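S.K.: Handing over entry.txt, compact mmCIF, C-alpha atoms.
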```txt
# COMPACT_ATOMS: atom_id res chain seq x y z
CA MET A 9 33.13 -16.73 10.03
CA MET A 10 32.81 -13.28 8.44
CA ASN A 11 30.80 -10.67 10.35
CA SER A 12 28.08 -8.61 8.67
CA GLU A 13 30.42 -5.68 7.99
CA SER A 14 32.97 -7.89 6.23
CA LYS A 15 30.25 -9.61 4.23
CA LEU A 16 28.87 -6.25 3.15
CA GLU A 17 32.26 -4.96 2.05
CA ARG A 18 32.94 -8.12 0.06
CA PHE A 19 29.48 -7.96 -1.51
CA LEU A 20 29.96 -4.32 -2.52
CA PHE A 21 33.36 -5.16 -4.02
CA GLU A 22 31.90 -8.01 -6.08
CA GLN A 23 29.09 -5.77 -7.31
CA ARG A 24 31.54 -3.11 -8.45
CA GLU A 25 33.70 -5.71 -10.16
CA ASN A 26 30.68 -7.14 -11.99
CA ASP A 27 29.29 -3.68 -12.75
CA GLN A 28 26.12 -4.44 -10.77
CA ILE A 29 25.04 -0.98 -9.67
CA HIS A 30 21.59 -0.39 -8.23
CA LYS A 31 19.31 2.27 -9.63
CA SER A 32 19.52 5.57 -7.79
CA TYR A 33 16.96 6.37 -5.13
CA GLU A 34 15.68 9.23 -7.31
CA GLU A 35 15.10 6.90 -10.28
CA GLU A 36 13.27 4.38 -8.13
CA LEU A 37 11.14 7.09 -6.55
CA GLU A 38 10.30 8.49 -10.00
CA PHE A 39 8.98 5.09 -11.09
CA TYR A 40 6.71 4.68 -8.07
CA GLU A 41 5.46 8.25 -8.46
CA MET A 42 4.49 7.46 -12.09
CA VAL A 43 2.36 4.56 -10.86
CA LYS A 44 0.94 6.60 -8.00
CA ASN A 45 -0.03 9.41 -10.40
CA GLY A 46 -1.64 6.99 -12.87
CA ASP A 47 0.78 7.85 -15.68
CA VAL A 48 -0.21 5.01 -18.04
CA LYS A 49 1.87 6.22 -21.02
CA ALA A 50 5.09 6.35 -18.97
CA ILE A 51 4.41 2.90 -17.51
CA GLU A 52 3.76 1.50 -20.99
CA GLN A 53 7.30 2.57 -21.92
CA TYR A 54 8.61 1.03 -18.71
CA THR A 55 7.00 -2.34 -19.47
CA ILE A 56 8.47 -2.35 -22.98
CA LEU A 57 11.96 -1.79 -21.57
CA TYR A 58 11.41 -4.40 -18.87
CA MET A 59 10.23 -7.08 -21.29
CA THR A 60 13.19 -6.44 -23.63
CA ASN A 61 15.52 -6.84 -20.64
CA ASP A 62 16.86 -3.32 -21.09
CA MET A 63 16.51 -2.77 -17.35
CA SER A 64 19.81 -2.38 -15.51
CA GLY A 65 20.01 -1.54 -11.84
CA PHE A 66 18.25 -4.52 -10.29
CA GLY A 67 20.16 -6.19 -7.47
CA VAL A 68 20.88 -9.91 -7.39
CA LEU A 69 18.81 -11.48 -4.60
CA SER A 70 19.31 -15.06 -5.76
CA LYS A 71 21.59 -16.83 -8.21
CA ASP A 72 18.56 -18.67 -9.54
CA PRO A 73 17.06 -16.37 -12.26
CA LEU A 74 13.43 -17.25 -11.54
CA ARG A 75 13.75 -16.97 -7.77
CA ASN A 76 15.62 -13.69 -8.17
CA LEU A 77 12.71 -12.22 -10.15
CA VAL A 78 10.15 -13.59 -7.69
CA TYR A 79 11.97 -11.89 -4.80
CA HIS A 80 12.02 -8.61 -6.72
CA PHE A 81 8.35 -9.10 -7.55
CA ILE A 82 7.41 -9.35 -3.87
CA VAL A 83 9.37 -6.20 -3.04
CA LEU A 84 7.71 -4.42 -5.96
CA ALA A 85 4.24 -5.48 -4.77
CA ALA A 86 4.94 -4.17 -1.27
CA MET A 87 6.15 -0.81 -2.57
CA LEU A 88 3.30 -0.38 -5.05
CA THR A 89 0.83 -1.13 -2.26
CA ARG A 90 2.14 1.63 -0.04
CA PHE A 91 2.63 4.27 -2.72
CA CYS A 92 -0.88 3.72 -4.08
CA ILE A 93 -2.43 3.92 -0.61
CA GLU A 94 -0.58 7.20 -0.19
CA GLY A 95 -2.06 8.29 -3.53
CA GLY A 96 -5.62 7.61 -2.40
CA MET A 97 -6.30 3.94 -3.12
CA SER A 98 -8.27 2.13 -0.46
CA PRO A 99 -5.80 0.29 1.83
CA GLU A 100 -7.92 -2.87 1.72
CA THR A 101 -8.01 -2.78 -2.09
CA SER A 102 -4.28 -2.13 -2.37
CA TYR A 103 -3.23 -4.82 0.12
CA SER A 104 -5.64 -7.37 -1.31
CA LEU A 105 -4.43 -6.68 -4.86
CA SER A 106 -0.86 -7.25 -3.67
CA ASP A 107 -1.85 -10.53 -1.98
CA LEU A 108 -3.53 -11.79 -5.15
CA TYR A 109 -0.54 -11.02 -7.36
CA ILE A 110 1.95 -12.58 -4.94
CA GLN A 111 -0.19 -15.71 -4.83
CA GLU A 112 -0.20 -15.73 -8.64
CA ALA A 113 3.58 -15.29 -8.73
CA ASP A 114 3.87 -18.43 -6.64
CA HIS A 115 2.56 -20.38 -9.64
CA CYS A 116 5.02 -18.96 -12.19
CA HIS A 117 7.34 -21.64 -13.58
CA ASN A 118 9.75 -19.64 -15.70
CA VAL A 119 11.30 -16.20 -16.13
CA LYS A 120 8.97 -15.18 -18.95
CA GLU A 121 5.88 -15.85 -16.83
CA ILE A 122 7.07 -13.78 -13.87
CA GLN A 123 8.16 -10.95 -16.19
CA THR A 124 4.73 -10.88 -17.81
CA LEU A 125 3.04 -10.90 -14.41
CA HIS A 126 5.39 -8.13 -13.24
CA CYS A 127 4.21 -5.87 -16.08
CA LYS A 128 0.59 -6.85 -15.57
CA MET A 129 0.70 -5.90 -11.88
CA VAL A 130 2.44 -2.58 -12.50
CA MET A 131 -0.08 -1.63 -15.18
CA ASP A 132 -3.02 -2.79 -13.06
CA TYR A 133 -2.03 -0.50 -10.19
CA THR A 134 -1.33 2.37 -12.61
CA VAL A 135 -4.68 2.10 -14.41
CA ARG A 136 -6.52 1.92 -11.09
CA MET A 137 -4.71 5.06 -9.91
CA GLN A 138 -5.53 6.82 -13.20
CA ARG A 139 -9.23 6.02 -12.72
CA LEU A 140 -9.03 7.17 -9.12
CA HIS A 141 -7.63 10.54 -10.15
CA THR A 142 -10.18 10.87 -12.96
CA ASP A 143 -13.21 9.85 -10.93
CA LYS A 144 -12.39 11.72 -7.75
CA ILE A 145 -11.45 15.35 -8.19
CA PHE A 146 -11.79 16.93 -4.77
CA SER A 147 -11.54 20.54 -3.70
CA LYS A 148 -8.39 21.71 -1.94
CA GLN A 149 -10.26 21.92 1.37
CA ILE A 150 -11.48 18.32 1.20
CA VAL A 151 -8.02 17.07 0.21
CA LYS A 152 -6.59 18.83 3.29
CA CYS A 153 -9.42 17.45 5.40
CA ASN A 154 -8.83 13.86 4.28
CA ASP A 155 -5.08 14.24 4.74
CA PHE A 156 -5.59 15.39 8.34
CA ILE A 157 -7.99 12.52 9.03
CA GLY A 158 -5.53 10.00 7.59
CA LYS A 159 -2.77 11.26 9.87
CA SER A 160 -4.96 11.45 12.97
CA LEU A 161 -6.78 8.11 13.11
CA HIS A 162 -5.22 7.45 16.51
CA GLN A 163 -7.10 10.44 17.91
CA HIS A 164 -10.72 11.38 18.51
CA ILE A 165 -11.46 13.65 15.53
CA THR A 166 -14.37 16.10 15.46
CA ILE A 167 -15.84 18.22 12.67
CA LYS A 168 -15.06 21.29 14.80
CA GLU A 169 -11.37 20.38 14.95
CA LEU A 170 -11.26 19.72 11.20
CA ALA A 171 -12.85 23.10 10.48
CA VAL A 172 -10.21 24.84 12.60
CA GLN A 173 -7.39 22.89 10.91
CA ILE A 174 -8.36 23.99 7.40
CA GLY A 175 -9.80 27.39 8.29
CA MET A 176 -13.42 26.85 7.29
CA ASN A 177 -16.83 27.35 8.80
CA GLU A 178 -17.94 24.12 10.51
CA SER A 179 -21.39 24.04 8.90
CA TYR A 180 -20.06 24.77 5.40
CA LEU A 181 -17.34 22.11 5.73
CA SER A 182 -19.93 19.54 6.80
CA LYS A 183 -22.07 20.25 3.71
CA LEU A 184 -19.08 20.37 1.35
CA PHE A 185 -17.76 17.06 2.70
CA ILE A 186 -21.07 15.27 2.11
CA LYS A 187 -21.33 16.79 -1.37
CA GLU A 188 -17.85 15.65 -2.47
CA MET A 189 -17.36 12.46 -0.46
CA GLY A 190 -20.93 11.17 -0.40
CA VAL A 191 -20.85 10.52 3.35
CA SER A 192 -20.70 12.62 6.49
CA VAL A 193 -17.39 13.45 8.15
CA SER A 194 -18.14 11.16 11.09
CA GLU A 195 -19.03 8.23 8.81
CA TYR A 196 -15.89 8.75 6.71
CA ILE A 197 -13.74 8.77 9.85
CA ARG A 198 -15.37 5.51 10.96
CA GLN A 199 -14.71 3.96 7.54
CA MET A 200 -11.04 4.97 7.66
CA LYS A 201 -10.66 3.62 11.19
CA ILE A 202 -12.27 0.33 10.19
CA GLU A 203 -9.86 0.02 7.22
CA ALA A 204 -6.92 0.75 9.52
CA ALA A 205 -8.20 -1.79 12.05
CA SER A 206 -8.58 -4.42 9.31
CA ASN A 207 -4.96 -3.96 8.25
CA MET A 208 -3.78 -4.17 11.86
CA LEU A 209 -5.81 -7.35 12.40
CA LYS A 210 -4.43 -8.82 9.19
CA TYR A 211 -0.77 -7.77 9.35
CA SER A 212 0.06 -7.24 13.03
CA ASP A 213 -0.15 -9.05 16.35
CA TYR A 214 -1.93 -6.24 18.22
CA THR A 215 -4.85 -7.44 20.31
CA CYS A 216 -8.40 -6.24 19.74
CA SER A 217 -8.13 -4.15 22.90
CA GLU A 218 -4.87 -2.53 21.77
CA ILE A 219 -6.29 -1.73 18.32
CA SER A 220 -9.39 -0.26 19.91
CA GLN A 221 -7.26 2.00 22.12
CA TYR A 222 -4.88 2.98 19.33
CA LEU A 223 -7.75 4.05 17.06
CA ALA A 224 -9.40 6.00 19.90
CA PHE A 225 -12.67 4.08 20.13
CA SER A 226 -14.58 4.85 23.31
CA SER A 227 -14.35 1.20 24.41
CA GLN A 228 -13.49 -2.24 23.12
CA SER A 229 -17.17 -3.22 23.01
CA HIS A 230 -17.94 -0.12 20.92
CA PHE A 231 -15.10 -1.00 18.55
CA ILE A 232 -16.43 -4.55 18.12
CA LYS A 233 -19.96 -3.25 17.50
CA VAL A 234 -18.88 -0.68 14.88
CA TYR A 235 -16.48 -3.13 13.22
CA LYS A 236 -19.18 -5.77 12.78
CA GLU A 237 -21.64 -3.17 11.43
CA HIS A 238 -19.14 -2.27 8.68
CA THR A 239 -17.66 -5.68 7.82
CA GLY A 240 -20.22 -8.23 8.92
CA LEU A 241 -17.53 -9.87 11.07
CA THR A 242 -16.22 -9.30 14.56
CA PRO A 243 -12.54 -8.31 14.79
CA ARG A 244 -11.69 -11.83 16.01
CA GLU A 245 -13.57 -13.44 13.11
CA TYR A 246 -11.82 -11.16 10.60
CA ARG A 247 -8.37 -12.01 12.02
CA ASN A 248 -9.11 -15.74 12.00
CA LYS A 249 -10.12 -15.51 8.35
CA TYR A 250 -7.55 -13.08 6.94
CA TYR A 251 -4.49 -13.08 9.22
CA ARG A 252 -1.21 -13.35 7.31
CA HIS A 253 -0.75 -16.99 8.32
CA ASN A 254 -3.76 -17.74 6.15
CA TRP A 255 -2.41 -16.14 2.94
CA SER A 256 -1.96 -19.50 1.32
```
Please go through the file and, once you have read it, give me the structure as structure tokens.
M.R.:
Amino acid sequence: MMNSESKLERFLFEQRENDQIHKSYEEELEFYEMVKNGDVKAIEQYTILYMTNDMSGFGVLSKDPLRNLVYHFIVLAAMLTRFCIEGGMSPETSYSLSDLYIQEADHCHNVKEIQTLHCKMVMDYTVRMQRLHTDKIFSKQIVKCNDFIGKSLHQHITIKELAVQIGMNESYLSKLFIKEMGVSVSEYIRQMKIEAASNMLKYSDYTCSEISQYLAFSSQSHFIKVYKEHTGLTPREYRNKYYRHNWS
């Protein structure tokens, strides 16, 4: 039996012989950045090329044409989800959108259907990102503030600490945040922690206690209380309803 190294070398040889070369990392990154930035015109050109099959650089994941495209579709959905979250889309919106499209892909019966759905999903994410950039134009200070919050959800974050991080007066930052974000800093932090907790409940096996500790809630009972106030469900109820085993 061939080991993994031998299999890889043989696979690479066959790809070279059949002229099956993957797109470069830079090209792939450029595509996801176009979606992330809401570049609808560029994505329109991409979908035209994709539908005319003028799209080299896709690996072969299955010898069955339909299954091959479905596999690529799932990878695409996962990547779009993460890039769009990075670009400012709500994690719950992005993950849920991905789930819906993957479920729809499961009902595709031929190559044409999955190709059409592929383009529909890419454009859907792109248009949503375009609207996000159009509707939410934040000041540089608030962008920095939100970036710090996003990277520090595992810590106890205070308005004083945020003010120091971005070099602003605490009182002015508090007023500016409410003006641009529509909620107080503390409420926004709670919302972000609840979104993070929802994704952990849905996609990981961490216990409620572990999630509570990771997101720096004062106690597990406080976490449960805040979570139910925001979602209408306890963490256990949310996991029972939305955990990945229940995707179908």
S.K.: Quick check, in Å to one decimal: how far apart do atom CA of Val172 of chain A and atom CA of Ser226 of chain A lie?
M.R.: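 Atom-to-atom, atom CA of Val172 of chain A and atom CA of Ser226 of chain A are spaced 23.1 Å apart.
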S.K.: Find, counting all atoms listed in the file, the residue in A:Lys187, A:Lys49, A:Arg75, A:Arg136 that gets nearest to His115 of chain A.
M.R.: A:Arg75
S.K.: For Ile82 of chain A, which residue among A:Ala113, A:Met137, A:Ile219, A:Leu181 is the nearest when counting only C-alpha atoms?
M.R.: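 The answer is A:Ala113, which sits nearest to Ile82 of chain A.
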S.K.: Mind listing whatever residues come within 12 Å of the point (0.4, -1.9, -22.1)? Use only C-alpha atoms, file coordinates, and give them as a ChimeraX atom specification.
M.R.: /A:47-59,124,126-132,134-135
S.K.: With C-alpha atoms retained, could you export that selection as an mmCIF file, keeping the file's coordinate frame?
M.R.:
```cif
data_model
loop_
_atom_site.group_PDB
_atom_site.id
_atom_site.type_symbol
_atom_site.label_atom_id
_atom_site.label_comp_id
_atom_site.auth_asym_id
_atom_site.auth_seq_id
_atom_site.Cartn_x
_atom_site.Cartn_y
_atom_site.Cartn_z
ATOM 1 C CA ASP A 47 0.780 7.850 -15.680
ATOM 2 C CA VAL A 48 -0.210 5.010 -18.040
ATOM 3 C CA LYS A 49 1.870 6.220 -21.020
ATOM 4 C CA ALA A 50 5.090 6.350 -18.970
ATOM 5 C CA ILE A 51 4.410 2.900 -17.510
ATOM 6 C CA GLU A 52 3.760 1.500 -20.990
ATOM 7 C CA GLN A 53 7.300 2.570 -21.920
ATOM 8 C CA TYR A 54 8.610 1.030 -18.710
ATOM 9 C CA THR A 55 7.000 -2.340 -19.470
ATOM 10 C CA ILE A 56 8.470 -2.350 -22.980
ATOM 11 C CA LEU A 57 11.960 -1.790 -21.570
ATOM 12 C CA TYR A 58 11.410 -4.400 -18.870
ATOM 13 C CA MET A 59 10.230 -7.080 -21.290
ATOM 14 C CA THR A 124 4.730 -10.880 -17.810
ATOM 15 C CA HIS A 126 5.390 -8.130 -13.240
ATOM 16 C CA CYS A 127 4.210 -5.870 -16.080
ATOM 17 C CA LYS A 128 0.590 -6.850 -15.570
ATOM 18 C CA MET A 129 0.700 -5.900 -11.880
ATOM 19 C CA VAL A 130 2.440 -2.580 -12.500
ATOM 20 C CA MET A 131 -0.080 -1.630 -15.180
ATOM 21 C CA ASP A 132 -3.020 -2.790 -13.060
ATOM 22 C CA THR A 134 -1.330 2.370 -12.610
ATOM 23 C CA VAL A 135 -4.680 2.100 -14.410
#
```
S.K.: As an exercise, work out the distance from atom CA of His162 of chain A to atom CA of Met189 of chain A in Å and give it to one decimal place.
M.R.: 21.5 Å
S.K.: Quick check, in Å to one decimal: how far apart do atom CA of Gln163 of chain A and atom CA of Ala224 of chain A lie?
M.R.: 5.4 Å
S.K.: Hey, what's within 7 Å of segment 147-151 of chain A if we count only C-alpha atoms and toss same-chain stuff fewer than 2 positions away? As number ranges by chain, please?
M.R.: A: 145, 153-155, 174, 185
S.K.: Take every atom of segment 122-137 of chain A listed in the file, fit an axis-aligned box around them, add 6 Å per side, and give the centre and edge lengths in Å to one decimal as JSON.
M.R.:
```
{"center_x": 0.8, "center_y": -4.4, "center_z": -13.9, "size_x": 26.7, "size_y": 30.8, "size_z": 19.9}
```
S.K.: Would you mind listing what lies within 7 Å of segment 195-201 of chain A as a list in words, with all atoms listed in the file counted and same-chain residues fewer than 6 positions away left out?
M.R.: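 Once the adjacent positions are removed, what remains is Ile157, Leu161 and Leu223 of chain A.
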S.K.: Can I get the selected residues back with C-alpha atoms, as a PDB file, in the coordinates of the input?
M.R.:
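What landed in part29.pdb:
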```
ATOM      1  CA  ILE A 157      -7.990  12.520   9.030  1.00  0.00           C
ATOM      2  CA  LEU A 161      -6.780   8.110  13.110  1.00  0.00           C
ATOM      3  CA  LEU A 223      -7.750   4.050  17.060  1.00  0.00           C
TER       4      LEU A 223
END
```
S.K.: Pick out the residues sitting within 12 Å of Glu203 of chain A, and hand them over as a PyMOL selection string; count all atoms listed in the file, and ignore anything fewer than 4 positions along from it in its own chain.
M.R.: chain A and resi 93+97-103+158+161+196-199+207-210+219+223+234-235+238-239+243+246
S.K.: Which residues, written as an NGL selection string, have at least one atom at most 8 Å from Ile122 of chain A, with only C-alpha atoms counted and residues fewer than 4 positions away on the same chain left out?
M.R.: :A and (74 or 77-78 or 81 or 113 or 116-118 or 126)
S.K.: Can you pull out the residues contacting Gly96 of chain A? Cut-off 9 Å, using all atoms listed in the file, and skip same-chain residues under 5 positions away; I want them as an MDAnalysis selection string.
M.R.: chainID A and resid 44 91 137 140:141
S.K.: Find the residue from A:Val191, A:Ala205, A:Leu125, A:Ala86 that sits nearest to Phe231 of chain A; use only C-alpha atoms when measuring.
M.R.: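 Checking each of A:Val191, A:Ala205, A:Leu125, A:Ala86 against Phe231 of chain A, counting only C-alpha atoms, the winner is A:Ala205.
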